[in-house]
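Q: Starting off with a structure, shown below.
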Amino acid sequence: MSSIKDLYQQVIFDHYRRPHNFHEIPGADHSAEGHNPLCGDRVKLELSLENDVVKEVGFLGDGCAITTASASMMTDIIKGKTISQVEELFQHFHRMVSSSPGESATWPSDLGKLTVLAGVREFPARVKCATLPWRTLFAALRQGDETSTAE
Ligand code: ZN
């Protein structure tokens, strides 16, 4: 049991030390900045879409291990996906990190390696760290989308 936990922590730590897609996107058509005052995390998301598909995505900023690993894995997994696939993925991810620790640990397969972040559900304060990159992503997607500015 503890070796599985160690493995998960190792994956998170590896993404924290060497985050994927940690760079600007030249000519990005969507961007947003997110801040988690509880922890001090700051993330900037940049992406470009082609039709409804995420073509390029990168992030910058200064976050804790959970935020940085979450942003690193999120940017990996959403590349090439449609906006509606990304929205569905976030619903699954959010359900996972906000479920109660005693709940069955069977997650939808589309989450892939994002399931290493399931451990944050034991630390409610860390859930905001894990979801910050996603919230920033959706803020970026809303920006420049005239159909969603009327909410
Ligand atoms: Zn944090």
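Lettering and numbering for the structure tokens are positional, with chains as A, B, ... in the shown order, residues counted from 1 in each chain, and ligands counted from 1 in the shown order.
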Which neighbours of segment 133-137 of chain A fall inside 8 Å, counting only C-alpha atoms, when residues of the same chain fewer than 3 positions from it are skipped, and could you give them as an mmCIF file with N, CA and C atoms, in the first residue's frame?

A:
data_model
loop_
_atom_site.group_PDB
_atom_site.id
_atom_site.type_symbol
_atom_site.label_atom_id
_atom_site.label_comp_id
_atom_site.auth_asym_id
_atom_site.auth_seq_id
_atom_site.Cartn_x
_atom_site.Cartn_y
_atom_site.Cartn_z
ATOM 1 N N SER A 31 -5.498 33.031 -23.329
ATOM 2 C CA SER A 31 -4.617 32.956 -22.165
ATOM 3 C C SER A 31 -5.354 33.482 -20.936
ATOM 4 N N ALA A 32 -4.926 33.051 -19.787
ATOM 5 C CA ALA A 32 -5.509 33.544 -18.535
ATOM 6 C C ALA A 32 -4.523 33.270 -17.409
ATOM 7 N N GLU A 33 -4.683 34.041 -16.352
ATOM 8 C CA GLU A 33 -3.854 33.825 -15.172
ATOM 9 C C GLU A 33 -4.745 33.427 -14.017
ATOM 10 N N GLY A 34 -4.256 32.496 -13.213
ATOM 11 C CA GLY A 34 -5.019 32.037 -12.056
ATOM 12 C C GLY A 34 -4.183 32.152 -10.799
ATOM 13 N N VAL A 43 -0.543 30.649 -11.740
ATOM 14 C CA VAL A 43 -0.383 29.913 -12.990
ATOM 15 C C VAL A 43 -0.843 30.800 -14.132
ATOM 16 N N LYS A 44 -0.092 30.768 -15.234
ATOM 17 C CA LYS A 44 -0.549 31.414 -16.458
ATOM 18 C C LYS A 44 -0.654 30.349 -17.537
ATOM 19 N N LEU A 45 -1.823 30.268 -18.144
ATOM 20 C CA LEU A 45 -2.089 29.283 -19.185
ATOM 21 C C LEU A 45 -2.154 29.976 -20.534
ATOM 22 N N THR A 67 0.102 21.956 -7.677
ATOM 23 C CA THR A 67 -0.343 22.817 -8.788
ATOM 24 C C THR A 67 0.528 22.600 -10.021
ATOM 25 N N SER A 70 -0.067 19.164 -11.512
ATOM 26 C CA SER A 70 -1.394 19.121 -12.118
ATOM 27 C C SER A 70 -1.385 19.855 -13.463
ATOM 28 N N ALA A 71 -0.739 21.024 -13.516
ATOM 29 C CA ALA A 71 -0.663 21.797 -14.767
ATOM 30 C C ALA A 71 0.143 21.034 -15.811
ATOM 31 N N MET A 74 -2.022 18.095 -16.938
ATOM 32 C CA MET A 74 -3.198 18.583 -17.664
ATOM 33 C C MET A 74 -2.821 19.019 -19.076
ATOM 34 N N PHE A 90 -12.463 17.356 -17.163
ATOM 35 C CA PHE A 90 -12.418 18.117 -15.920
ATOM 36 C C PHE A 90 -13.522 17.677 -14.964
ATOM 37 N N CYS A 129 -5.345 23.514 -5.143
ATOM 38 C CA CYS A 129 -4.064 23.498 -5.858
ATOM 39 C C CYS A 129 -4.188 22.643 -7.125
ATOM 40 N N ALA A 130 -4.846 21.496 -6.989
ATOM 41 C CA ALA A 130 -4.966 20.557 -8.112
ATOM 42 C C ALA A 130 -5.902 21.084 -9.195
ATOM 43 N N ALA A 140 -9.332 30.895 -19.628
ATOM 44 C CA ALA A 140 -8.674 31.212 -20.898
ATOM 45 C C ALA A 140 -9.594 30.894 -22.079
ATOM 46 N N LEU A 141 -10.300 29.777 -21.979
ATOM 47 C CA LEU A 141 -11.186 29.376 -23.075
ATOM 48 C C LEU A 141 -12.375 30.330 -23.205
#

Q: Taking 3 positions as the minimum chain separation for residues in the same chain, which residues sit within 12 Å of Ala118 of chain A when counting only C-alpha atoms? Answer as a compact mmCIF listing (two decimals) with C-alpha atoms, in the first residue's frame.

A:
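So the final result, stored in out_34.txt, reads:
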# COMPACT_ATOMS: atom_id res chain seq x y z
CA LYS A 5 1.59 5.89 -2.44
CA TYR A 8 2.31 8.38 -6.88
CA GLN A 9 4.35 10.89 -4.95
CA ILE A 12 4.05 14.15 -8.82
CA ILE A 66 0.53 19.81 -6.61
CA SER A 70 -1.39 19.12 -12.12
CA HIS A 92 -14.18 13.44 -14.04
CA PHE A 93 -11.08 15.00 -12.52
CA HIS A 94 -13.07 17.25 -10.22
CA ARG A 95 -15.25 14.36 -9.09
CA MET A 96 -12.11 12.36 -8.32
CA VAL A 97 -10.30 15.02 -6.26
CA SER A 98 -13.44 16.07 -4.37
CA SER A 99 -14.65 12.56 -3.57
CA SER A 100 -14.37 11.31 -0.01
CA PRO A 101 -11.20 9.32 0.77
CA GLY A 102 -13.20 6.23 1.66
CA GLU A 103 -14.89 6.06 -1.73
CA SER A 104 -13.99 3.39 -4.27
CA ALA A 105 -10.87 4.31 -6.19
CA THR A 106 -12.07 3.32 -9.63
CA TRP A 107 -11.78 6.28 -11.94
CA LEU A 111 -8.17 10.36 -16.63
CA GLY A 112 -5.07 8.30 -17.44
CA LYS A 113 -2.11 9.37 -15.32
CA LEU A 114 -4.12 12.21 -13.76
CA THR A 115 -5.25 9.59 -11.24
CA ARG A 121 -8.81 14.26 -1.74
CA GLU A 122 -7.37 13.45 1.67
CA PHE A 123 -6.20 17.06 1.94
CA PRO A 124 -9.14 19.38 1.17
CA ARG A 126 -4.88 20.87 -1.67
CA VAL A 127 -7.88 20.30 -3.91
CA ALA A 130 -4.97 20.56 -8.11
CA THR A 131 -7.90 22.32 -9.78

Q: List all protein, DNA and RNA residues that have any atom at most 9 Å from ligand 1, counting only C-alpha atoms and all ligand atoms, and write the list as a PyMOL selection string.

A: chain A and resi 36-42+63-68+125-130+132

Q: Grab the residues selected above and save them as a short mmCIF file (atom, residue, chain, number, x, y, z; two decimals), in the first residue's frame with C-alpha atoms.

A:
data_model
loop_
_atom_site.label_atom_id
_atom_site.label_comp_id
_atom_site.auth_asym_id
_atom_site.auth_seq_id
_atom_site.Cartn_x
_atom_site.Cartn_y
_atom_site.Cartn_z
CA ASN A 36 -4.80 30.40 -5.39
CA PRO A 37 -4.38 32.74 -2.40
CA LEU A 38 -4.69 29.88 0.10
CA CYS A 39 -1.40 28.41 -1.05
CA GLY A 40 0.16 31.26 -3.05
CA ASP A 41 0.07 29.39 -6.37
CA ARG A 42 0.14 31.42 -9.57
CA GLY A 63 3.09 26.99 -7.88
CA CYS A 64 3.47 24.30 -5.28
CA ALA A 65 4.22 20.70 -6.26
CA ILE A 66 0.53 19.81 -6.61
CA THR A 67 -0.34 22.82 -8.79
CA THR A 68 2.74 22.42 -10.97
CA ALA A 125 -6.90 22.47 1.14
CA ARG A 126 -4.88 20.87 -1.67
CA VAL A 127 -7.88 20.30 -3.91
CA LYS A 128 -7.73 23.98 -4.91
CA CYS A 129 -4.06 23.50 -5.86
CA ALA A 130 -4.97 20.56 -8.11
CA LEU A 132 -6.24 25.75 -10.24
#

Q: List the neighbours of Ile83 of chain A out to 7 Å using only C-alpha atoms; skip same-chain residues closer than 3 positions along the sequence, and give me the result as a list in words.

A: Asp52, Val53, Val86 and Glu87 of chain A

Q: Using only C-alpha atoms, which protein or nucleic acid residues come within 10 Å of Glu24 of chain A? Drop anything in the same chain fewer than 6 positions from it, and give the result as a PyMOL selection string.

A: chain A and resi 31+44-47+56-60
